[in-house]
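Visitor: Take a look at this one; I'll ask things after.
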Amino acid sequence: MTIPAHPPSPADPQALALSALGWIVADDDRAGRFLALTGLTPDLLRAGLGYRATHVAVIDFLCAHEPDLVAAADALGVKPEALAAAGKALQA
């Protein structure tokens with residue numbers, strides 16, 4: 001999965017979460033940590049791409065580790081606050 005050339009709209013929390021997931025899985029160590037902390041397997045992750053719970057898990061993972069949150073936001077061209085807000089919107 002590649003990070004889109006244009007940043008995802010903060011108004012679309014699902015798109016933002018999926019873009020953030022692309023950033024997470026682009027690094028093997030980070031992807032491994034994500035899978036370990038969420039309990040997901042690669043197959044379960046693929047199967048859950050359309051589910052809100054998976055999107056929430058992505059944002060929660062980033063929000064739990066500020067360096068990743070800041071780096072992901074920078075890579076996606078959004079503010080860290082936009083990622084956190086996406087998580088809240090997905091949980092509503």
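Quick note on naming: the chains in the structure tokens go A, B, ... in the order shown, residues restart at 1 in each chain, and ligands are numbered from 1 in order of appearance.
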If you run DSSP over the backbone, which residues in stretch 10-72 of chain A end up helix (DSSP H, G or I)? Put them as number ranges by chain.

Guide: A: 13-25, 28-38, 42-47, 52-63, 66-72

Visitor: Which residues are near stretch 32-40 of chain A? Cut-off 8 Å, only C-alpha atoms, ignore same chain within fewer than 4 positions. Put them as a list in words.

Guide: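 Neighbouring residues, sequence-local ones excluded: Ile24, Asp28, Leu44, Leu45, Ala57 and Phe61 of chain A.
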
Visitor: Save the residues we just selected, N, CA, C and O atoms, as a short mmCIF file (atom, residue, chain, number, x, y, z; two decimals), in the first residue's frame?

Guide:
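What ended up in part.cif:
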data_model
loop_
_atom_site.label_atom_id
_atom_site.label_comp_id
_atom_site.auth_asym_id
_atom_site.auth_seq_id
_atom_site.Cartn_x
_atom_site.Cartn_y
_atom_site.Cartn_z
N ILE A 24 1.87 2.67 8.59
CA ILE A 24 2.30 1.70 9.60
C ILE A 24 2.95 0.49 8.94
O ILE A 24 4.03 0.06 9.34
N ASP A 28 8.56 -2.73 8.46
CA ASP A 28 8.36 -4.07 9.02
C ASP A 28 8.32 -4.09 10.54
O ASP A 28 7.49 -4.77 11.13
N LEU A 44 -6.27 -11.43 9.29
CA LEU A 44 -7.36 -10.72 9.96
C LEU A 44 -7.34 -9.23 9.62
O LEU A 44 -8.40 -8.62 9.47
N LEU A 45 -6.16 -8.67 9.51
CA LEU A 45 -6.05 -7.25 9.14
C LEU A 45 -6.62 -7.02 7.74
O LEU A 45 -7.43 -6.10 7.55
N ALA A 57 -8.46 0.81 15.73
CA ALA A 57 -7.21 0.19 16.21
C ALA A 57 -5.99 0.89 15.62
O ALA A 57 -4.99 1.08 16.32
N PHE A 61 -3.40 2.88 17.98
CA PHE A 61 -1.99 2.49 17.95
C PHE A 61 -1.10 3.72 17.82
O PHE A 61 -0.11 3.86 18.55
#

Visitor: Considering only C-alpha atoms, return as JSON, numbers by chain whatever protein or nucleic-acid residues lie within 12 Å of A:Leu16, sequence-local ones (same chain, fewer than 2 positions apart) excluded.

Guide: {"A": [3, 4, 6, 7, 8, 9, 10, 11, 12, 13, 14, 18, 19, 20, 21, 22, 23, 55, 56, 58, 59, 72, 73, 75, 76, 77, 78, 79, 80, 82, 83, 84, 85, 86, 87, 89, 90]}

Visitor: With N, CA, C and O atoms kept, could you save the residues just selected as a tab-separated table (two decimals), in the first residue's frame?

Guide:
chain	number	residue	atom	x	y	z
A	3	ILE	N	1.36	5.48	0.20
A	3	ILE	CA	0.74	6.67	0.78
A	3	ILE	C	0.33	7.57	-0.37
A	3	ILE	O	1.11	7.81	-1.30
A	4	PRO	N	-0.91	8.04	-0.36
A	4	PRO	CA	-1.38	8.84	-1.49
A	4	PRO	C	-0.59	10.14	-1.65
A	4	PRO	O	-0.05	10.67	-0.70
A	6	HIS	N	-1.80	13.02	-2.36
A	6	HIS	CA	-2.51	14.11	-1.71
A	6	HIS	C	-2.95	13.63	-0.33
A	6	HIS	O	-3.42	12.52	-0.18
A	7	PRO	N	-2.79	14.46	0.67
A	7	PRO	CA	-3.17	14.02	2.01
A	7	PRO	C	-4.66	13.71	2.08
A	7	PRO	O	-5.47	14.36	1.43
A	8	PRO	N	-5.01	12.68	2.87
A	8	PRO	CA	-6.42	12.38	3.04
A	8	PRO	C	-7.11	13.50	3.80
A	8	PRO	O	-6.49	14.19	4.60
A	9	SER	N	-8.36	13.68	3.53
A	9	SER	CA	-9.11	14.73	4.20
A	9	SER	C	-9.37	14.36	5.65
A	9	SER	O	-9.87	13.26	5.92
A	10	PRO	N	-9.05	15.25	6.58
A	10	PRO	CA	-9.39	14.98	7.98
A	10	PRO	C	-10.89	14.80	8.19
A	10	PRO	O	-11.33	14.24	9.17
A	11	ALA	N	-11.69	15.28	7.21
A	11	ALA	CA	-13.14	15.13	7.30
A	11	ALA	C	-13.57	13.70	7.00
A	11	ALA	O	-14.72	13.35	7.24
A	12	ASP	N	-12.68	12.87	6.49
A	12	ASP	CA	-12.98	11.47	6.20
A	12	ASP	C	-12.12	10.59	7.09
A	12	ASP	O	-11.03	10.17	6.70
A	13	PRO	N	-12.58	10.29	8.31
A	13	PRO	CA	-11.75	9.55	9.25
A	13	PRO	C	-11.38	8.15	8.78
A	13	PRO	O	-10.30	7.67	9.10
A	14	GLN	N	-12.25	7.51	8.01
A	14	GLN	CA	-11.93	6.17	7.52
A	14	GLN	C	-10.76	6.22	6.53
A	14	GLN	O	-9.84	5.41	6.61
A	18	LEU	N	-7.07	4.53	7.03
A	18	LEU	CA	-6.48	3.61	6.05
A	18	LEU	C	-5.15	4.13	5.52
A	18	LEU	O	-4.21	3.35	5.31
A	19	SER	N	-5.04	5.43	5.33
A	19	SER	CA	-3.76	6.01	4.93
A	19	SER	C	-2.72	5.82	6.03
A	19	SER	O	-1.56	5.51	5.75
A	20	ALA	N	-3.15	5.99	7.27
A	20	ALA	CA	-2.25	5.79	8.41
A	20	ALA	C	-1.82	4.33	8.49
A	20	ALA	O	-0.65	4.03	8.80
A	21	LEU	N	-2.73	3.42	8.19
A	21	LEU	CA	-2.36	2.00	8.17
A	21	LEU	C	-1.30	1.75	7.11
A	21	LEU	O	-0.35	0.99	7.34
A	22	GLY	N	-1.44	2.38	5.96
A	22	GLY	CA	-0.41	2.25	4.92
A	22	GLY	C	0.94	2.70	5.42
A	22	GLY	O	1.96	2.07	5.14
A	23	TRP	N	0.95	3.77	6.20
A	23	TRP	CA	2.21	4.26	6.78
A	23	TRP	C	2.75	3.24	7.78
A	23	TRP	O	3.95	2.97	7.80
A	55	HIS	N	-10.15	0.45	11.88
A	55	HIS	CA	-9.75	1.86	11.73
A	55	HIS	C	-9.44	2.47	13.09
A	55	HIS	O	-8.45	3.19	13.24
A	56	VAL	N	-10.27	2.15	14.08
A	56	VAL	CA	-10.03	2.64	15.44
A	56	VAL	C	-8.72	2.08	15.98
A	56	VAL	O	-7.93	2.81	16.60
A	58	VAL	N	-6.08	1.29	14.37
A	58	VAL	CA	-4.96	2.00	13.71
A	58	VAL	C	-4.70	3.33	14.42
A	58	VAL	O	-3.56	3.64	14.78
A	59	ILE	N	-5.75	4.10	14.61
A	59	ILE	CA	-5.58	5.42	15.25
A	59	ILE	C	-5.15	5.26	16.71
A	59	ILE	O	-4.27	5.99	17.17
A	72	ALA	N	3.65	9.82	11.55
A	72	ALA	CA	2.57	9.46	10.61
A	72	ALA	C	1.88	10.72	10.10
A	72	ALA	O	1.63	10.85	8.90
A	73	ALA	N	1.58	11.62	10.99
A	73	ALA	CA	0.93	12.87	10.59
A	73	ALA	C	1.79	13.62	9.58
A	73	ALA	O	1.29	14.12	8.57
A	75	ALA	N	4.08	12.36	7.56
A	75	ALA	CA	4.10	11.61	6.30
A	75	ALA	C	2.80	11.77	5.52
A	75	ALA	O	2.81	11.78	4.29
A	76	LEU	N	1.69	11.90	6.24
A	76	LEU	CA	0.38	12.01	5.59
A	76	LEU	C	0.00	13.45	5.26
A	76	LEU	O	-1.01	13.69	4.61
A	77	GLY	N	0.78	14.40	5.75
A	77	GLY	CA	0.50	15.80	5.47
A	77	GLY	C	-0.67	16.36	6.26
A	77	GLY	O	-1.38	17.24	5.77
A	78	VAL	N	-0.88	15.82	7.46
A	78	VAL	CA	-1.95	16.31	8.34
A	78	VAL	C	-1.34	16.61	9.70
A	78	VAL	O	-0.21	16.23	9.99
A	79	LYS	N	-2.11	17.27	10.55
A	79	LYS	CA	-1.65	17.54	11.90
A	79	LYS	C	-1.94	16.32	12.77
A	79	LYS	O	-2.92	15.61	12.54
A	80	PRO	N	-1.10	16.08	13.79
A	80	PRO	CA	-1.38	14.97	14.70
A	80	PRO	C	-2.79	15.05	15.30
A	80	PRO	O	-3.45	14.03	15.50
A	82	ALA	N	-5.40	15.97	13.87
A	82	ALA	CA	-6.37	15.45	12.90
A	82	ALA	C	-6.49	13.93	13.02
A	82	ALA	O	-7.59	13.38	12.90
A	83	LEU	N	-5.37	13.27	13.26
A	83	LEU	CA	-5.42	11.82	13.46
A	83	LEU	C	-6.18	11.48	14.74
A	83	LEU	O	-7.02	10.58	14.75
A	84	ALA	N	-5.89	12.20	15.81
A	84	ALA	CA	-6.60	11.96	17.06
A	84	ALA	C	-8.09	12.23	16.91
A	84	ALA	O	-8.93	11.46	17.40
A	85	ALA	N	-8.44	13.29	16.20
A	85	ALA	CA	-9.85	13.61	15.98
A	85	ALA	C	-10.53	12.53	15.14
A	85	ALA	O	-11.70	12.21	15.35
A	86	ALA	N	-9.79	11.97	14.19
A	86	ALA	CA	-10.35	10.88	13.38
A	86	ALA	C	-10.69	9.68	14.26
A	86	ALA	O	-11.73	9.05	14.09
A	87	GLY	N	-9.83	9.40	15.22
A	87	GLY	CA	-10.10	8.31	16.14
A	87	GLY	C	-11.36	8.55	16.95
A	87	GLY	O	-12.19	7.65	17.12
A	89	ALA	N	-13.87	10.47	16.06
A	89	ALA	CA	-15.01	10.40	15.15
A	89	ALA	C	-15.38	8.96	14.84
A	89	ALA	O	-16.57	8.63	14.75
A	90	LEU	N	-14.39	8.11	14.72
A	90	LEU	CA	-14.66	6.70	14.42
A	90	LEU	C	-15.32	5.98	15.61
A	90	LEU	O	-16.02	5.01	15.43

Visitor: Could you check how far atom CA of A:Ala47 sits from atom CA of A:Asp27, in Å to one decimal?

Guide: 20.2 Å
